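*Asks:* Below is the file final-v1.pdb, which contains PDB, C-alpha atoms, pLDDT in the B column.
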```pdb
ATOM      1  CA  MET P   1     111.976 127.193 104.952  1.00 54.00           C
ATOM      2  CA  ARG P   2     109.046 125.708 106.851  1.00 57.00           C
ATOM      3  CA  LEU P   3     109.125 122.351 108.584  1.00 48.00           C
ATOM      4  CA  CYS P   4     106.101 121.137 106.610  1.00 52.00           C
ATOM      5  CA  GLU P   5     108.011 121.782 103.385  1.00 59.00           C
ATOM      6  CA  ILE P   6     110.617 119.172 104.223  1.00 61.00           C
ATOM      7  CA  SER P   7     108.749 116.731 106.476  1.00 55.00           C
ATOM      8  CA  GLY P   8     105.237 116.558 105.003  1.00 64.00           C
ATOM      9  CA  ASP P   9     103.711 113.221 104.152  1.00 78.00           C
ATOM     10  CA  PHE P  10     103.021 112.629 100.506  1.00 83.00           C
ATOM     11  CA  TYR P  11     100.018 110.754  99.225  1.00 85.00           C
ATOM     12  CA  THR P  12      99.667 108.949  95.927  1.00 86.00           C
ATOM     13  CA  PHE P  13      96.838 109.998  93.643  1.00 88.00           C
ATOM     14  CA  ILE P  14      95.573 108.049  90.657  1.00 89.00           C
ATOM     15  CA  VAL P  15      94.709 110.565  87.958  1.00 91.00           C
ATOM     16  CA  THR P  16      93.005 110.447  84.600  1.00 91.00           C
ATOM     17  CA  VAL P  17      94.120 113.113  82.142  1.00 93.00           C
ATOM     18  CA  ARG P  18      93.610 113.925  78.499  1.00 92.00           C
ATOM     19  CA  VAL P  19      96.854 114.110  76.532  1.00 90.00           C
ATOM     20  CA  ILE P  20      96.728 115.882  73.188  1.00 87.00           C
ATOM     21  CA  CYS P  21      99.200 114.653  70.578  1.00 86.00           C
ATOM     22  CA  GLY P  22      98.858 116.675  67.395  1.00 87.00           C
ATOM     23  CA  ALA P  23      95.375 116.085  65.999  1.00 89.00           C
ATOM     24  CA  THR P  24      94.582 113.150  68.315  1.00 90.00           C
ATOM     25  CA  SER P  25      93.955 112.997  72.022  1.00 88.00           C
ATOM     26  CA  LEU P  26      94.284 110.107  74.449  1.00 90.00           C
ATOM     27  CA  VAL P  27      92.809 109.579  77.883  1.00 92.00           C
ATOM     28  CA  VAL P  28      95.483 108.065  80.140  1.00 92.00           C
ATOM     29  CA  LYS P  29      95.804 107.059  83.776  1.00 91.00           C
ATOM     30  CA  THR P  30      98.906 107.854  85.782  1.00 91.00           C
ATOM     31  CA  THR P  31      99.925 108.566  89.361  1.00 90.00           C
ATOM     32  CA  ILE P  32     101.284 111.626  91.100  1.00 91.00           C
ATOM     33  CA  GLU P  33     102.527 112.178  94.657  1.00 90.00           C
ATOM     34  CA  ALA P  34     101.506 115.313  96.503  1.00 90.00           C
ATOM     35  CA  GLU P  35     100.709 116.616  99.998  1.00 87.00           C
ATOM     36  CA  SER P  36      96.989 116.905  99.313  1.00 88.00           C
ATOM     37  CA  GLN P  37      94.419 116.516  96.585  1.00 89.00           C
ATOM     38  CA  ASN P  38      94.442 120.296  96.017  1.00 91.00           C
ATOM     39  CA  CYS P  39      98.213 120.254  95.513  1.00 91.00           C
ATOM     40  CA  ALA P  40      97.907 117.321  93.115  1.00 91.00           C
ATOM     41  CA  GLN P  41      95.162 119.123  91.192  1.00 92.00           C
ATOM     42  CA  ALA P  42      97.276 122.288  90.940  1.00 93.00           C
ATOM     43  CA  LEU P  43     100.317 120.365  89.702  1.00 93.00           C
ATOM     44  CA  LEU P  44      98.262 118.489  87.131  1.00 92.00           C
ATOM     45  CA  CYS P  45      96.584 121.658  85.869  1.00 92.00           C
ATOM     46  CA  HIS P  46     100.018 123.175  85.380  1.00 93.00           C
ATOM     47  CA  ILE P  47     101.378 120.101  83.576  1.00 92.00           C
ATOM     48  CA  TYR P  48      98.394 119.076  81.436  1.00 91.00           C
ATOM     49  CA  GLY P  49      96.152 122.172  81.434  1.00 90.00           C
ATOM     50  CA  ALA P  50      93.038 122.756  83.536  1.00 87.00           C
ATOM     51  CA  GLY P  51      90.620 121.349  80.958  1.00 89.00           C
ATOM     52  CA  ASN P  52      92.588 118.130  80.560  1.00 90.00           C
ATOM     53  CA  VAL P  53      92.472 116.894  84.175  1.00 91.00           C
ATOM     54  CA  LEU P  54      89.513 114.509  84.273  1.00 91.00           C
ATOM     55  CA  SER P  55      89.767 112.904  87.732  1.00 88.00           C
ATOM     56  CA  VAL P  56      92.032 112.864  90.781  1.00 89.00           C
ATOM     57  CA  VAL P  57      91.481 110.047  93.286  1.00 87.00           C
ATOM     58  CA  GLN P  58      93.622 109.316  96.333  1.00 85.00           C
ATOM     59  CA  GLN P  59      95.024 105.794  96.271  1.00 79.00           C
ATOM     60  CA  SER P  60      93.717 103.736  99.171  1.00 71.00           C
ATOM     61  CA  VAL P  61      96.329 102.396 101.569  1.00 65.00           C
ATOM     62  CA  ASN P  62      96.055 100.571 104.869  1.00 57.00           C
ATOM     63  CA  GLU P  63      97.867 101.446 108.089  1.00 55.00           C
ATOM     64  CA  ASP P  64     100.960  99.495 106.965  1.00 60.00           C
ATOM     65  CA  GLY P  65     101.251 101.656 103.866  1.00 61.00           C
ATOM     66  CA  ALA P  66     100.272  98.780 101.565  1.00 67.00           C
ATOM     67  CA  LYS P  67      97.882  99.407  98.709  1.00 68.00           C
ATOM     68  CA  ILE P  68      94.311  98.223  99.258  1.00 67.00           C
ATOM     69  CA  LEU P  69      93.298  96.129  96.270  1.00 67.00           C
ATOM     70  CA  SER P  70      89.924  96.231  94.550  1.00 71.00           C
ATOM     71  CA  PRO P  71      87.949  92.962  94.418  1.00 71.00           C
ATOM     72  CA  ASP P  72      89.062  92.336  90.825  1.00 80.00           C
ATOM     73  CA  GLU P  73      92.706  93.000  91.735  1.00 79.00           C
ATOM     74  CA  GLN P  74      92.369  90.694  94.764  1.00 78.00           C
ATOM     75  CA  ARG P  75      90.994  87.911  92.548  1.00 84.00           C
ATOM     76  CA  VAL P  76      93.855  88.283  90.059  1.00 85.00           C
ATOM     77  CA  LYS P  77      96.415  88.315  92.894  1.00 84.00           C
ATOM     78  CA  ALA P  78      94.853  85.213  94.487  1.00 84.00           C
ATOM     79  CA  MET P  79      94.986  83.351  91.169  1.00 89.00           C
ATOM     80  CA  SER P  80      98.600  84.416  90.652  1.00 88.00           C
ATOM     81  CA  ASP P  81      99.528  83.278  94.163  1.00 87.00           C
ATOM     82  CA  GLN P  82      97.764  79.958  93.592  1.00 92.00           C
ATOM     83  CA  ALA P  83      99.673  79.438  90.336  1.00 92.00           C
ATOM     84  CA  LYS P  84     102.962  80.088  92.162  1.00 91.00           C
ATOM     85  CA  ARG P  85     102.028  77.583  94.897  1.00 91.00           C
ATOM     86  CA  LEU P  86     101.129  74.937  92.298  1.00 93.00           C
ATOM     87  CA  GLN P  87     104.415  75.468  90.465  1.00 94.00           C
ATOM     88  CA  GLN P  88     106.278  75.080  93.760  1.00 93.00           C
ATOM     89  CA  GLN P  89     104.360  71.875  94.535  1.00 94.00           C
ATOM     90  CA  ALA P  90     105.169  70.513  91.076  1.00 95.00           C
ATOM     91  CA  LYS P  91     108.881  71.198  91.673  1.00 95.00           C
ATOM     92  CA  GLN P  92     108.711  69.414  95.046  1.00 95.00           C
ATOM     93  CA  ILE P  93     106.972  66.372  93.552  1.00 95.00           C
ATOM     94  CA  LYS P  94     109.553  66.157  90.756  1.00 96.00           C
ATOM     95  CA  ALA P  95     112.372  66.406  93.285  1.00 96.00           C
ATOM     96  CA  GLN P  96     110.792  63.705  95.489  1.00 96.00           C
ATOM     97  CA  SER P  97     110.363  61.344  92.540  1.00 96.00           C
ATOM     98  CA  ALA P  98     113.977  61.935  91.521  1.00 95.00           C
ATOM     99  CA  VAL P  99     115.123  61.094  95.061  1.00 95.00           C
ATOM    100  CA  LYS P 100     113.009  57.909  95.085  1.00 95.00           C
ATOM    101  CA  LYS P 101     114.398  56.882  91.703  1.00 95.00           C
ATOM    102  CA  ALA P 102     117.958  57.479  92.923  1.00 95.00           C
ATOM    103  CA  GLN P 103     117.306  55.477  96.111  1.00 95.00           C
ATOM    104  CA  THR P 104     115.922  52.600  94.058  1.00 94.00           C
ATOM    105  CA  GLN P 105     119.009  52.604  91.834  1.00 94.00           C
ATOM    106  CA  VAL P 106     121.322  52.683  94.873  1.00 93.00           C
ATOM    107  CA  ASN P 107     119.466  49.785  96.499  1.00 92.00           C
ATOM    108  CA  LYS P 108     119.582  47.816  93.237  1.00 91.00           C
ATOM    109  CA  ALA P 109     123.319  48.471  92.876  1.00 90.00           C
ATOM    110  CA  LEU P 110     123.956  47.393  96.497  1.00 90.00           C
ATOM    111  CA  LYS P 111     122.017  44.184  96.034  1.00 87.00           C
ATOM    112  CA  GLN P 112     123.922  43.382  92.842  1.00 87.00           C
ATOM    113  CA  SER P 113     127.280  44.055  94.448  1.00 83.00           C
ATOM    114  CA  THR P 114     126.524  41.844  97.486  1.00 79.00           C
ATOM    115  CA  GLY P 115     125.057  39.071  95.357  1.00 69.00           C
ATOM    116  CA  LEU P 116     121.695  39.077  97.095  1.00 60.00           C
ATOM    117  CA  PRO P 117     118.633  38.180  95.048  1.00 60.00           C
ATOM    118  CA  SER P 118     116.530  41.103  93.886  1.00 53.00           C
TER     119      SER P 118
END
```
The structure in this file should be written as structure tokens.
*Replies:*
Amino acid sequence: MRLCEISGDFYTFIVTVRVICGATSLVVKTTIEAESQNCAQALLCHIYGAGNVLSVVQQSVNEDGAKILSPDEQRVKAMSDQAKRLQQQAKQIKAQSAVKKAQTQVNKALKQSTGLPS
């Protein structure tokens, strides 16, 4: 056994393949992990057939290993993050108003129990 066989880095490839189901065929996207694009291509040709592999593109990642998002994906993520922040702010505002309401009730109860005017 060679060292590269057990310690090689794997890359993720986004692939488009044609899948034939009876009389119909579908074009689908999926991912595969392989050492190189040639290895990914060979695996896909074996699985789906050489004529059914339409594209093999290496997934972009930065130095941290995180996926680099396309501009459209970045926009969707930013909107999702903004929605989460707004939901969190709404929860905080509701909690603050509940605390204020409780404080008002406590102050009112204290004033009534001591006989002070409101």
*Asks:* For region 43-59 of chain P, list every protein, DNA or RNA residue within 9 Å, evaluated using all atoms listed in the file, and leave out those in the same chain fewer than 2 positions away; present the list as a ChimeraX atom specification.
*Replies:* /P:11-20,27,31-32,34,36-41,61,67-68
*Asks:* Mind giving me the straight-line distance from CA of Glu73 (chain P) to CA of Thr30 (chain P) in Å, one decimal?
*Replies:*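 Between CA of Glu73 (chain P) and CA of Thr30 (chain P) the gap is 17.2 Å.
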*Asks:* So how far away is CA of Pro71 (chain P) from CA of Asp9 (chain P), in Å?
*Replies:* 27.5 Å
*Asks:* Grab the CA of Gln88 (chain P) to CA of Lys100 (chain P) distance for me, in Å with one decimal place.
*Replies:*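 For CA of Gln88 (chain P) relative to CA of Lys100 (chain P), the distance reads 18.5 Å.
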